[in-house]
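Trainee: So that you have it, the file is my_file_39.cif, and it contains mmCIF, C-alpha atoms:
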data_final
#
loop_
_atom_site.group_PDB
_atom_site.id
_atom_site.type_symbol
_atom_site.label_atom_id
_atom_site.label_comp_id
_atom_site.auth_asym_id
_atom_site.auth_seq_id
_atom_site.Cartn_x
_atom_site.Cartn_y
_atom_site.Cartn_z
ATOM 1 C CA MET L 309 23.303 -0.458 30.663
ATOM 2 C CA THR L 310 23.863 3.270 30.268
ATOM 3 C CA ASP L 311 27.103 5.161 29.955
ATOM 4 C CA GLY L 312 26.311 8.797 30.608
ATOM 5 C CA ASP L 313 23.639 9.742 28.107
ATOM 6 C CA THR L 314 24.587 7.084 25.559
ATOM 7 C CA PRO L 315 23.324 3.535 26.182
ATOM 8 C CA ASN L 316 25.362 0.676 24.801
ATOM 9 C CA PRO L 317 22.724 -1.394 22.970
ATOM 10 C CA THR L 318 22.541 -5.114 23.655
ATOM 11 C CA TYR L 319 21.945 -5.964 19.992
ATOM 12 C CA LYS L 320 23.364 -4.541 16.780
ATOM 13 C CA ARG L 321 20.589 -5.637 14.382
ATOM 14 C CA VAL L 322 17.022 -6.405 15.421
ATOM 15 C CA MET L 323 13.587 -7.164 14.000
ATOM 16 C CA LEU L 324 10.647 -5.189 15.404
ATOM 17 C CA LYS L 325 7.310 -6.943 14.896
ATOM 18 C CA ILE L 326 4.146 -5.012 15.658
ATOM 19 C CA SER L 327 0.511 -5.683 14.899
ATOM 20 C CA GLY L 328 -1.574 -3.572 12.612
ATOM 21 C CA GLU L 329 -3.872 -2.934 15.578
ATOM 22 C CA ALA L 330 -1.006 -1.085 17.278
ATOM 23 C CA LEU L 331 -1.361 1.653 14.656
ATOM 24 C CA MET L 332 -5.024 2.393 15.245
ATOM 25 C CA GLY L 333 -4.724 3.843 18.750
ATOM 26 C CA ASP L 334 -8.104 4.048 20.476
ATOM 27 C CA GLN L 335 -9.956 3.818 17.178
ATOM 28 C CA GLY L 336 -11.636 0.596 16.193
ATOM 29 C CA PHE L 337 -10.254 0.579 12.682
ATOM 30 C CA GLY L 338 -7.632 2.087 10.386
ATOM 31 C CA LEU L 339 -4.672 4.331 11.149
ATOM 32 C CA HIS L 340 -4.343 6.881 13.944
ATOM 33 C CA PRO L 341 -1.628 9.333 12.781
ATOM 34 C CA PRO L 342 -0.539 10.455 16.290
ATOM 35 C CA THR L 343 -0.084 6.800 17.286
ATOM 36 C CA VAL L 344 1.891 6.080 14.106
ATOM 37 C CA GLU L 345 4.093 9.096 14.890
ATOM 38 C CA ARG L 346 4.648 7.926 18.473
ATOM 39 C CA ILE L 347 5.774 4.497 17.281
ATOM 40 C CA ALA L 348 8.029 6.137 14.682
ATOM 41 C CA ARG L 349 9.672 8.168 17.458
ATOM 42 C CA GLU L 350 10.280 4.955 19.416
ATOM 43 C CA VAL L 351 11.969 3.445 16.373
ATOM 44 C CA LYS L 352 14.036 6.595 15.827
ATOM 45 C CA SER L 353 15.272 6.551 19.427
ATOM 46 C CA VAL L 354 16.672 3.054 18.854
ATOM 47 C CA HIS L 355 17.985 3.943 15.394
ATOM 48 C CA ASP L 356 19.855 6.867 16.977
ATOM 49 C CA LEU L 357 21.776 4.346 19.107
ATOM 50 C CA GLY L 358 23.257 2.903 15.903
ATOM 51 C CA VAL L 359 21.056 -0.207 15.932
ATOM 52 C CA GLU L 360 20.103 -1.596 12.511
ATOM 53 C CA ILE L 361 16.325 -2.065 12.430
ATOM 54 C CA CYS L 362 14.046 -4.307 10.384
ATOM 55 C CA MET L 363 10.280 -4.075 10.810
ATOM 56 C CA VAL L 364 7.275 -6.216 9.974
ATOM 57 C CA ILE L 365 3.820 -4.738 10.579
ATOM 58 C CA GLY L 366 0.583 -6.703 10.558
ATOM 59 C CA GLY L 367 -2.529 -5.624 8.690
ATOM 60 C CA GLY L 368 -5.300 -6.414 11.160
ATOM 61 C CA ASN L 369 -6.317 -2.766 11.544
ATOM 62 C CA ILE L 370 -7.405 -2.776 7.878
ATOM 63 C CA PHE L 371 -8.102 -6.369 6.878
ATOM 64 C CA ARG L 372 -7.370 -9.739 8.433
ATOM 65 C CA GLY L 373 -7.326 -12.722 6.094
ATOM 66 C CA LEU L 374 -8.581 -15.230 8.657
ATOM 67 C CA GLN L 375 -11.593 -13.096 9.513
ATOM 68 C CA GLY L 376 -12.426 -12.662 5.835
ATOM 69 C CA SER L 377 -12.116 -16.411 5.348
ATOM 70 C CA ALA L 378 -14.352 -17.066 8.356
ATOM 71 C CA GLN L 379 -17.045 -14.932 6.739
ATOM 72 C CA GLY L 380 -17.088 -17.070 3.622
ATOM 73 C CA MET L 381 -14.372 -15.486 1.494
ATOM 74 C CA GLU L 382 -11.965 -17.854 -0.246
ATOM 75 C CA ARG L 383 -8.932 -18.138 2.053
ATOM 76 C CA THR L 384 -6.203 -17.445 -0.501
ATOM 77 C CA THR L 385 -7.915 -14.282 -1.733
ATOM 78 C CA ALA L 386 -8.527 -13.134 1.841
ATOM 79 C CA ASP L 387 -4.865 -13.647 2.726
ATOM 80 C CA TYR L 388 -3.677 -11.658 -0.298
ATOM 81 C CA MET L 389 -5.981 -8.821 0.754
ATOM 82 C CA GLY L 390 -4.389 -8.967 4.198
ATOM 83 C CA MET L 391 -0.948 -8.705 2.598
ATOM 84 C CA LEU L 392 -2.019 -5.556 0.770
ATOM 85 C CA ALA L 393 -3.149 -4.103 4.103
ATOM 86 C CA THR L 394 0.375 -4.604 5.487
ATOM 87 C CA VAL L 395 1.776 -2.596 2.580
ATOM 88 C CA MET L 396 -0.534 0.308 3.451
ATOM 89 C CA ASN L 397 0.653 0.211 7.064
ATOM 90 C CA ALA L 398 4.295 -0.003 5.989
ATOM 91 C CA LEU L 399 3.905 3.104 3.817
ATOM 92 C CA ALA L 400 2.309 4.993 6.719
ATOM 93 C CA VAL L 401 5.176 4.128 9.074
ATOM 94 C CA GLN L 402 7.742 4.923 6.364
ATOM 95 C CA SER L 403 6.206 8.375 5.951
ATOM 96 C CA ALA L 404 6.278 8.992 9.709
ATOM 97 C CA LEU L 405 9.910 7.855 10.011
ATOM 98 C CA GLU L 406 11.102 9.955 7.089
ATOM 99 C CA GLN L 407 9.403 13.021 8.557
ATOM 100 C CA LEU L 408 11.690 12.424 11.549
ATOM 101 C CA GLY L 409 14.729 12.232 9.278
ATOM 102 C CA VAL L 410 15.136 8.434 9.319
ATOM 103 C CA PHE L 411 15.825 6.975 5.874
ATOM 104 C CA THR L 412 13.448 4.056 5.331
ATOM 105 C CA ARG L 413 12.765 1.455 2.656
ATOM 106 C CA VAL L 414 9.516 -0.468 2.221
ATOM 107 C CA ILE L 415 10.349 -3.874 0.754
ATOM 108 C CA SER L 416 7.416 -5.903 -0.508
ATOM 109 C CA ALA L 417 7.190 -9.652 -1.031
ATOM 110 C CA ILE L 418 4.615 -8.904 -3.746
ATOM 111 C CA ARG L 419 5.900 -6.727 -6.568
ATOM 112 C CA MET L 420 4.424 -3.239 -6.674
ATOM 113 C CA ASP L 421 7.335 -1.242 -7.997
ATOM 114 C CA GLU L 422 5.630 2.155 -7.887
ATOM 115 C CA VAL L 423 5.329 2.121 -4.089
ATOM 116 C CA ALA L 424 7.878 -0.392 -2.749
ATOM 117 C CA GLU L 425 11.054 -2.260 -3.608
ATOM 118 C CA PRO L 426 10.877 -5.965 -4.430
ATOM 119 C CA TYR L 427 12.431 -8.249 -1.833
ATOM 120 C CA ILE L 428 16.067 -8.979 -2.717
ATOM 121 C CA ARG L 429 17.953 -10.210 0.322
ATOM 122 C CA ARG L 430 21.383 -8.814 -0.491
ATOM 123 C CA ARG L 431 19.938 -5.387 -1.321
ATOM 124 C CA ALA L 432 18.000 -5.353 1.945
ATOM 125 C CA VAL L 433 21.154 -6.230 3.901
ATOM 126 C CA ARG L 434 22.939 -3.358 2.196
ATOM 127 C CA HIS L 435 20.167 -0.957 3.221
ATOM 128 C CA LEU L 436 20.643 -2.043 6.831
ATOM 129 C CA GLU L 437 24.399 -1.562 6.605
ATOM 130 C CA LYS L 438 23.705 1.989 5.414
ATOM 131 C CA GLN L 439 21.566 2.579 8.518
ATOM 132 C CA ARG L 440 18.254 2.572 6.669
ATOM 133 C CA VAL L 441 15.223 1.106 8.405
ATOM 134 C CA CYS L 442 13.804 -1.758 6.318
ATOM 135 C CA ILE L 443 10.056 -2.387 6.579
ATOM 136 C CA PHE L 444 9.192 -5.771 5.101
ATOM 137 C CA ALA L 445 5.636 -5.762 3.746
ATOM 138 C CA ALA L 446 3.197 -8.268 2.202
ATOM 139 C CA GLY L 447 4.183 -11.044 4.597
ATOM 140 C CA THR L 448 6.084 -13.867 2.949
ATOM 141 C CA GLY L 449 4.183 -13.278 -0.297
ATOM 142 C CA ASN L 450 2.311 -16.537 0.259
ATOM 143 C CA PRO L 451 -1.158 -17.214 1.677
ATOM 144 C CA TYR L 452 -1.557 -19.324 4.839
ATOM 145 C CA PHE L 453 1.469 -17.676 6.491
ATOM 146 C CA THR L 454 1.084 -14.992 9.141
ATOM 147 C CA THR L 455 3.110 -11.810 9.547
ATOM 148 C CA ASP L 456 4.616 -13.426 12.682
ATOM 149 C CA THR L 457 6.091 -16.120 10.447
ATOM 150 C CA ALA L 458 7.175 -13.452 7.942
ATOM 151 C CA ALA L 459 8.941 -11.515 10.709
ATOM 152 C CA THR L 460 10.798 -14.621 11.879
ATOM 153 C CA LEU L 461 11.752 -15.575 8.333
ATOM 154 C CA ARG L 462 13.062 -12.099 7.479
ATOM 155 C CA ALA L 463 14.855 -11.833 10.828
ATOM 156 C CA ASN L 464 16.757 -15.020 10.028
ATOM 157 C CA GLU L 465 17.505 -13.936 6.458
ATOM 158 C CA MET L 466 18.795 -10.551 7.678
ATOM 159 C CA ALA L 467 20.877 -12.177 10.433
ATOM 160 C CA CYS L 468 19.034 -10.250 13.148
ATOM 161 C CA GLU L 469 20.161 -10.974 16.685
ATOM 162 C CA ALA L 470 16.664 -10.850 18.198
ATOM 163 C CA ILE L 471 12.995 -10.287 17.416
ATOM 164 C CA PHE L 472 11.248 -7.596 19.448
ATOM 165 C CA LYS L 473 7.517 -8.268 19.599
ATOM 166 C CA GLY L 474 5.679 -5.092 20.596
ATOM 167 C CA THR L 475 2.321 -5.814 22.261
ATOM 168 C CA LYS L 476 -0.152 -4.165 24.627
ATOM 169 C CA VAL L 477 1.253 -6.007 27.658
ATOM 170 C CA ASP L 478 4.742 -6.006 29.157
ATOM 171 C CA GLY L 479 5.634 -9.612 28.446
ATOM 172 C CA VAL L 480 4.297 -13.158 28.258
ATOM 173 C CA TYR L 481 1.716 -14.237 30.837
ATOM 174 C CA ASP L 482 0.344 -17.657 31.724
ATOM 175 C CA LYS L 483 -3.158 -16.275 30.978
ATOM 176 C CA ASP L 484 -4.650 -13.067 29.644
ATOM 177 C CA PRO L 485 -3.787 -10.335 32.204
ATOM 178 C CA ALA L 486 -6.678 -8.196 30.931
ATOM 179 C CA LYS L 487 -9.133 -10.902 32.001
ATOM 180 C CA HIS L 488 -7.377 -12.516 34.970
ATOM 181 C CA ASP L 489 -6.013 -10.577 37.946
ATOM 182 C CA ASP L 490 -3.907 -13.577 38.995
ATOM 183 C CA ALA L 491 -2.069 -13.816 35.667
ATOM 184 C CA VAL L 492 1.657 -14.449 36.171
ATOM 185 C CA ARG L 493 4.292 -12.876 33.920
ATOM 186 C CA TYR L 494 7.317 -14.884 32.821
ATOM 187 C CA ASP L 495 10.763 -13.272 32.824
ATOM 188 C CA LYS L 496 12.093 -16.116 30.685
ATOM 189 C CA VAL L 497 10.387 -18.936 28.856
ATOM 190 C CA THR L 498 11.591 -21.518 26.363
ATOM 191 C CA TYR L 499 10.267 -22.008 22.851
ATOM 192 C CA ASP L 500 8.963 -25.444 23.801
ATOM 193 C CA GLU L 501 7.094 -24.049 26.814
ATOM 194 C CA VAL L 502 5.437 -21.458 24.580
ATOM 195 C CA LEU L 503 4.255 -24.218 22.255
ATOM 196 C CA GLN L 504 3.232 -26.669 24.978
ATOM 197 C CA LYS L 505 1.360 -24.112 27.090
ATOM 198 C CA HIS L 506 -0.137 -22.254 24.095
ATOM 199 C CA LEU L 507 1.140 -18.957 25.493
ATOM 200 C CA GLY L 508 0.214 -16.991 22.393
ATOM 201 C CA VAL L 509 3.504 -15.165 21.806
ATOM 202 C CA MET L 510 3.439 -15.883 18.071
ATOM 203 C CA ASP L 511 1.892 -18.622 15.980
ATOM 204 C CA ALA L 512 3.436 -22.093 16.159
ATOM 205 C CA SER L 513 5.206 -21.844 12.784
ATOM 206 C CA ALA L 514 6.988 -18.651 13.829
ATOM 207 C CA ILE L 515 8.028 -20.093 17.203
ATOM 208 C CA ALA L 516 9.346 -23.278 15.580
ATOM 209 C CA LEU L 517 11.345 -21.271 13.029
ATOM 210 C CA ALA L 518 12.846 -19.118 15.785
ATOM 211 C CA ARG L 519 13.643 -22.214 17.868
ATOM 212 C CA ASP L 520 15.349 -23.982 14.971
ATOM 213 C CA ASN L 521 17.632 -20.977 14.482
ATOM 214 C CA ASN L 522 18.128 -20.048 18.167
ATOM 215 C CA LEU L 523 16.644 -16.597 17.568
ATOM 216 C CA PRO L 524 15.480 -15.002 20.835
ATOM 217 C CA ILE L 525 12.080 -13.280 20.955
ATOM 218 C CA ILE L 526 11.667 -10.353 23.338
ATOM 219 C CA VAL L 527 8.060 -9.498 24.177
ATOM 220 C CA PHE L 528 7.468 -5.999 25.564
ATOM 221 C CA SER L 529 4.803 -3.310 25.798
ATOM 222 C CA LEU L 530 4.687 -0.954 22.851
ATOM 223 C CA ASP L 531 2.476 1.339 24.945
ATOM 224 C CA GLU L 532 5.282 1.951 27.448
ATOM 225 C CA PRO L 533 7.081 5.177 26.396
ATOM 226 C CA GLY L 534 10.745 4.461 25.744
ATOM 227 C CA GLY L 535 10.234 0.728 26.198
ATOM 228 C CA PHE L 536 11.938 -0.371 22.978
ATOM 229 C CA CYS L 537 14.989 1.812 23.604
ATOM 230 C CA GLY L 538 15.095 0.951 27.304
ATOM 231 C CA ILE L 539 15.220 -2.795 26.738
ATOM 232 C CA LEU L 540 18.122 -2.403 24.322
ATOM 233 C CA ALA L 541 19.881 -0.479 27.076
ATOM 234 C CA GLY L 542 19.294 -3.356 29.510
ATOM 235 C CA GLU L 543 16.348 -1.802 31.328
ATOM 236 C CA GLY L 544 12.578 -2.179 31.395
ATOM 237 C CA THR L 545 10.120 -5.051 31.816
ATOM 238 C CA TYR L 546 9.869 -7.807 29.216
ATOM 239 C CA THR L 547 9.852 -11.546 28.629
ATOM 240 C CA ILE L 548 12.550 -13.282 26.624
ATOM 241 C CA VAL L 549 11.747 -16.483 24.737
ATOM 242 C CA HIS L 550 14.950 -18.453 24.200
ATOM 243 C CA PRO L 551 16.407 -21.972 24.061
ATOM 244 C CA ASP L 552 17.811 -22.170 27.603
ATOM 245 C CA THR L 553 16.184 -25.266 29.065
ATOM 246 C CA SER L 554 16.876 -24.002 32.594
ATOM 247 C CA ALA L 555 14.626 -20.963 32.040
ATOM 248 C CA THR L 556 11.708 -20.764 34.428
ATOM 249 C CA GLY L 557 8.648 -18.596 34.789
#
Can you dump the structure from the file as structure tokens?
Mentor:
Amino acid sequence: MTDGDTPNPTYKRVMLKISGEALMGDQGFGLHPPTVERIAREVKSVHDLGVEICMVIGGGNIFRGLQGSAQGMERTTADYMGMLATVMNALAVQSALEQLGVFTRVISAIRMDEVAEPYIRRRAVRHLEKQRVCIFAAGTGNPYFTTDTAATLRANEMACEAIFKGTKVDGVYDKDPAKHDDAVRYDKVTYDEVLQKHLGVMDASAIALARDNNLPIIVFSLDEPGGFCGILAGEGTYTIVHPDTSATG
């Protein structure tokens, strides 16, 4: 809800998970600087509310491990290449945020001390307490785990109150709304329903980890201007994935 011009945010510390594809705009590959800047402004608007923000960004706009593996590349090598792509995206978003005056730290699960900090949980928590945005890069540092799983893991380690999953649609649907006009959006859905109905919010490992720790996942449209800030103020359209067994579509 809003109080004059200053919304009272629903959550104090959150994880924002976005795909690498979100950074490429209308291009088919790579980074689109105006799109990166727009997303950075969305993050800043929430940061300005006093919310502590963690981020995990995928790498699919540069390299996706599964696709490399499908084309004959050894899976572990392909996954490490995907992790490196997430570091590139994290650095791009860090640059955009700092140009807006938001202090940001890129924290990598794979050591590369010249460009990012190594992951040390207590140090990362301290950054958040000092109102720095923490961008966790290189996934979990292990192959066979997605950035969705990395986001859920880091959100739990940082004691985040919710994961915000920014997508191209305004919530979770029973089928792809881009392909089916009769697709129905859920306002609320349980973790188990997501798994049973294969709703595609996140991969199964990430959903199970969120379920085991009662960490809500809020799915919203990253293309909706002000959407991230609006939801924290109790407005906007989204789907919440949570443990309430009475939740219905």
Trainee: Counting only C-alpha atoms, what is within 10 Å of Val480 of chain L, bar same-chain residues fewer than 3 positions away, as a PDB file with C-alpha atoms, in the coordinates of the input?
Mentor:
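Saved the output as out_19.pdb:
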ATOM      1  CA  THR L 475       2.321  -5.814  22.261  1.00  0.00           C
ATOM      2  CA  VAL L 477       1.253  -6.007  27.658  1.00  0.00           C
ATOM      3  CA  LYS L 483      -3.158 -16.275  30.978  1.00  0.00           C
ATOM      4  CA  ASP L 484      -4.650 -13.067  29.644  1.00  0.00           C
ATOM      5  CA  PRO L 485      -3.787 -10.335  32.204  1.00  0.00           C
ATOM      6  CA  ALA L 491      -2.069 -13.816  35.667  1.00  0.00           C
ATOM      7  CA  VAL L 492       1.657 -14.449  36.171  1.00  0.00           C
ATOM      8  CA  ARG L 493       4.292 -12.876  33.920  1.00  0.00           C
ATOM      9  CA  TYR L 494       7.317 -14.884  32.821  1.00  0.00           C
ATOM     10  CA  ASP L 495      10.763 -13.272  32.824  1.00  0.00           C
ATOM     11  CA  LYS L 496      12.093 -16.116  30.685  1.00  0.00           C
ATOM     12  CA  VAL L 497      10.387 -18.936  28.856  1.00  0.00           C
ATOM     13  CA  VAL L 502       5.437 -21.458  24.580  1.00  0.00           C
ATOM     14  CA  LEU L 507       1.140 -18.957  25.493  1.00  0.00           C
ATOM     15  CA  GLY L 508       0.214 -16.991  22.393  1.00  0.00           C
ATOM     16  CA  VAL L 509       3.504 -15.165  21.806  1.00  0.00           C
ATOM     17  CA  ILE L 526      11.667 -10.353  23.338  1.00  0.00           C
ATOM     18  CA  VAL L 527       8.060  -9.498  24.177  1.00  0.00           C
ATOM     19  CA  PHE L 528       7.468  -5.999  25.564  1.00  0.00           C
ATOM     20  CA  TYR L 546       9.869  -7.807  29.216  1.00  0.00           C
ATOM     21  CA  THR L 547       9.852 -11.546  28.629  1.00  0.00           C
ATOM     22  CA  ILE L 548      12.550 -13.282  26.624  1.00  0.00           C
ATOM     23  CA  VAL L 549      11.747 -16.483  24.737  1.00  0.00           C
ATOM     24  CA  GLY L 557       8.648 -18.596  34.789  1.00  0.00           C
TER      25      GLY L 557
END
Trainee: What's the 8 Å shell around His550 of chain L, counting only C-alpha atoms, without same-chain residues fewer than 2 positions away, as a ChimeraX atom specification?
Mentor: /L:496-499,519,522-525,548,552
Trainee: Which residues match the PyMOL selection byres ((chain L and resi 447) around 8) in the file above, as a count of residues only?
Mentor: 17
Trainee: Would you work out the distance separating atom CA of Cys468 of chain L from atom CA of Val322 of chain L, expressed in Å to one decimal?
Mentor: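 Atom CA of Cys468 of chain L sits 4.9 Å away from atom CA of Val322 of chain L.
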Trainee: One decimal, in Å: what's the spacing between atom CA of Thr545 of chain L and atom CA of Met510 of chain L?
Mentor: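 We find that atom CA of Thr545 of chain L and atom CA of Met510 of chain L lie 18.7 Å from each other.
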Trainee: One decimal, in Å: what's the spacing between atom CA of Ile415 of chain L and atom CA of Leu461 of chain L?
Mentor: 14.0 Å
Trainee: Considering all atoms listed in the file, state which residue in the set L:His435, L:Lys325, L:Lys352, L:Arg372 is at the smallest distance from Met389 of chain L.
Mentor: L:Arg372
Trainee: Around the point (22.4, -6.8, 2.2) in the file's coordinates, collect all residues with an atom within 12 Å, using only C-alpha atoms, and return them as a list in words.
Mentor: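 So the residues meeting the distance criterion are Glu360, Cys362, Tyr427, Ile428, Arg429, Arg430, Arg431, Ala432, Val433, Arg434, His435, Leu436, Glu437, Lys438, Gln439, Arg440, Cys442, Arg462, Glu465, Met466, Ala467 and Cys468 of chain L.
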Trainee: Give as a count of residues only the residues that the PyMOL selection byres ((chain L and resi 401) around 12) matches when applied to the coordinates above.
Mentor: 46
Trainee: So that I can check the surroundings of Thr460 of chain L, please list as number ranges by chain every protein, DNA and RNA residue that reaches within 7 Å of it, counting only C-alpha atoms and ignoring chain neighbours fewer than 6 positions away.
Mentor: L: 514, 517-518
Trainee: Those selected residues, please, written with C-alpha atoms and delivered as a compact mmCIF listing (two decimals), in the coordinates of the input.
Mentor:
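As written to disk, again39.txt reads:
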# COMPACT_ATOMS: atom_id res chain seq x y z
CA ALA L 514 6.99 -18.65 13.83
CA LEU L 517 11.34 -21.27 13.03
CA ALA L 518 12.85 -19.12 15.78
Trainee: Taking only C-alpha atoms into account, which of L:Glu532, L:Asp489, L:Thr318, L:Asp520 comes nearest Val359 of chain L?
Mentor: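 Of all the options, L:Thr318 lies closest to Val359 of chain L.
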Trainee: Using all atoms listed in the file, which of L:Ile515, L:Gly534, L:Pro426, L:Ile471 sits nearest Asp500 of chain L?
Mentor: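 That would be L:Ile515, the residue with the smallest distance to Asp500 of chain L.
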Trainee: Nearest to Leu540 of chain L: which of L:Glu329, L:Asp511, L:Glu469, L:Glu425 is it, counting all atoms listed in the file?
Mentor: L:Glu469
Trainee: So, counting only C-alpha atoms, which residue among L:Thr385, L:Ser513, L:Ser529, L:Ser377 is closest to Lys473 of chain L?
Mentor: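 That would be L:Ser529, the residue with the smallest distance to Lys473 of chain L.
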Trainee: Here is a test: counting only C-alpha atoms, which residue of L:Pro317, L:Gly373, L:Gly542, L:Gly390 is nearest to Leu357 of chain L?
Mentor: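 With only C-alpha atoms as the atom set, the closest residue is L:Pro317.
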Trainee: Take segment 317-324 of chain L from the preceding structure and save all heavy atoms as an mmCIF file, in the first residue's frame.
Mentor:
data_model
loop_
_atom_site.group_PDB
_atom_site.id
_atom_site.type_symbol
_atom_site.label_atom_id
_atom_site.label_comp_id
_atom_site.auth_asym_id
_atom_site.auth_seq_id
_atom_site.Cartn_x
_atom_site.Cartn_y
_atom_site.Cartn_z
ATOM 1 N N PRO L 317 7.138 -1.000 1.769
ATOM 2 C CA PRO L 317 7.353 -2.274 1.075
ATOM 3 C C PRO L 317 6.939 -3.476 1.906
ATOM 4 O O PRO L 317 7.066 -3.503 3.125
ATOM 5 C CB PRO L 317 8.861 -2.279 0.800
ATOM 6 C CG PRO L 317 9.444 -1.308 1.771
ATOM 7 C CD PRO L 317 8.395 -0.281 2.016
ATOM 8 N N THR L 318 6.424 -4.486 1.206
ATOM 9 C CA THR L 318 5.951 -5.706 1.845
ATOM 10 C C THR L 318 7.108 -6.509 2.436
ATOM 11 O O THR L 318 6.961 -7.149 3.468
ATOM 12 C CB THR L 318 5.217 -6.578 0.815
ATOM 13 O OG1 THR L 318 4.260 -5.774 0.117
ATOM 14 C CG2 THR L 318 4.507 -7.737 1.482
ATOM 15 N N TYR L 319 8.250 -6.468 1.764
ATOM 16 C CA TYR L 319 9.407 -7.267 2.172
ATOM 17 C C TYR L 319 10.613 -6.365 2.409
ATOM 18 O O TYR L 319 10.779 -5.343 1.748
ATOM 19 C CB TYR L 319 9.761 -8.302 1.100
ATOM 20 C CG TYR L 319 8.635 -9.249 0.773
ATOM 21 C CD1 TYR L 319 7.898 -9.112 -0.406
ATOM 22 C CD2 TYR L 319 8.293 -10.290 1.637
ATOM 23 C CE1 TYR L 319 6.863 -9.983 -0.714
ATOM 24 C CE2 TYR L 319 7.266 -11.161 1.335
ATOM 25 C CZ TYR L 319 6.549 -11.005 0.164
ATOM 26 O OH TYR L 319 5.528 -11.867 -0.127
ATOM 27 N N LYS L 320 11.452 -6.763 3.337
ATOM 28 C CA LYS L 320 12.649 -5.998 3.666
ATOM 29 C C LYS L 320 13.859 -6.444 2.847
ATOM 30 O O LYS L 320 14.716 -5.640 2.472
ATOM 31 C CB LYS L 320 12.945 -6.148 5.166
ATOM 32 C CG LYS L 320 14.242 -5.490 5.641
ATOM 33 C CD LYS L 320 14.194 -3.987 5.513
ATOM 34 C CE LYS L 320 15.473 -3.354 6.088
ATOM 35 N NZ LYS L 320 15.556 -1.914 5.795
ATOM 36 N N ARG L 321 13.950 -7.742 2.554
ATOM 37 C CA ARG L 321 15.087 -8.273 1.787
ATOM 38 C C ARG L 321 14.567 -9.282 0.774
ATOM 39 O O ARG L 321 13.862 -10.227 1.155
ATOM 40 C CB ARG L 321 16.113 -8.924 2.715
ATOM 41 C CG ARG L 321 17.332 -9.498 1.968
ATOM 42 C CD ARG L 321 18.316 -10.142 2.934
ATOM 43 N NE ARG L 321 18.922 -9.151 3.820
ATOM 44 C CZ ARG L 321 19.715 -9.450 4.850
ATOM 45 N NH1 ARG L 321 19.977 -10.725 5.116
ATOM 46 N NH2 ARG L 321 20.229 -8.499 5.595
ATOM 47 N N VAL L 322 14.892 -9.091 -0.485
ATOM 48 C CA VAL L 322 14.346 -9.948 -1.536
ATOM 49 C C VAL L 322 15.446 -10.390 -2.499
ATOM 50 O O VAL L 322 16.507 -9.772 -2.601
ATOM 51 C CB VAL L 322 13.235 -9.222 -2.331
ATOM 52 C CG1 VAL L 322 12.095 -8.811 -1.418
ATOM 53 C CG2 VAL L 322 13.792 -8.020 -3.095
ATOM 54 N N MET L 323 15.153 -11.472 -3.211
ATOM 55 C CA MET L 323 15.983 -11.960 -4.305
ATOM 56 C C MET L 323 15.253 -11.686 -5.615
ATOM 57 O O MET L 323 14.094 -12.057 -5.771
ATOM 58 C CB MET L 323 16.231 -13.467 -4.154
ATOM 59 C CG MET L 323 16.794 -14.161 -5.396
ATOM 60 S SD MET L 323 18.430 -13.618 -5.883
ATOM 61 C CE MET L 323 19.426 -14.378 -4.580
ATOM 62 N N LEU L 324 15.923 -11.010 -6.550
ATOM 63 C CA LEU L 324 15.373 -10.811 -7.886
ATOM 64 C C LEU L 324 16.088 -11.743 -8.843
ATOM 65 O O LEU L 324 17.300 -11.662 -9.016
ATOM 66 C CB LEU L 324 15.551 -9.359 -8.337
ATOM 67 C CG LEU L 324 15.150 -9.061 -9.791
ATOM 68 C CD1 LEU L 324 13.655 -9.320 -10.000
ATOM 69 C CD2 LEU L 324 15.486 -7.621 -10.164
#
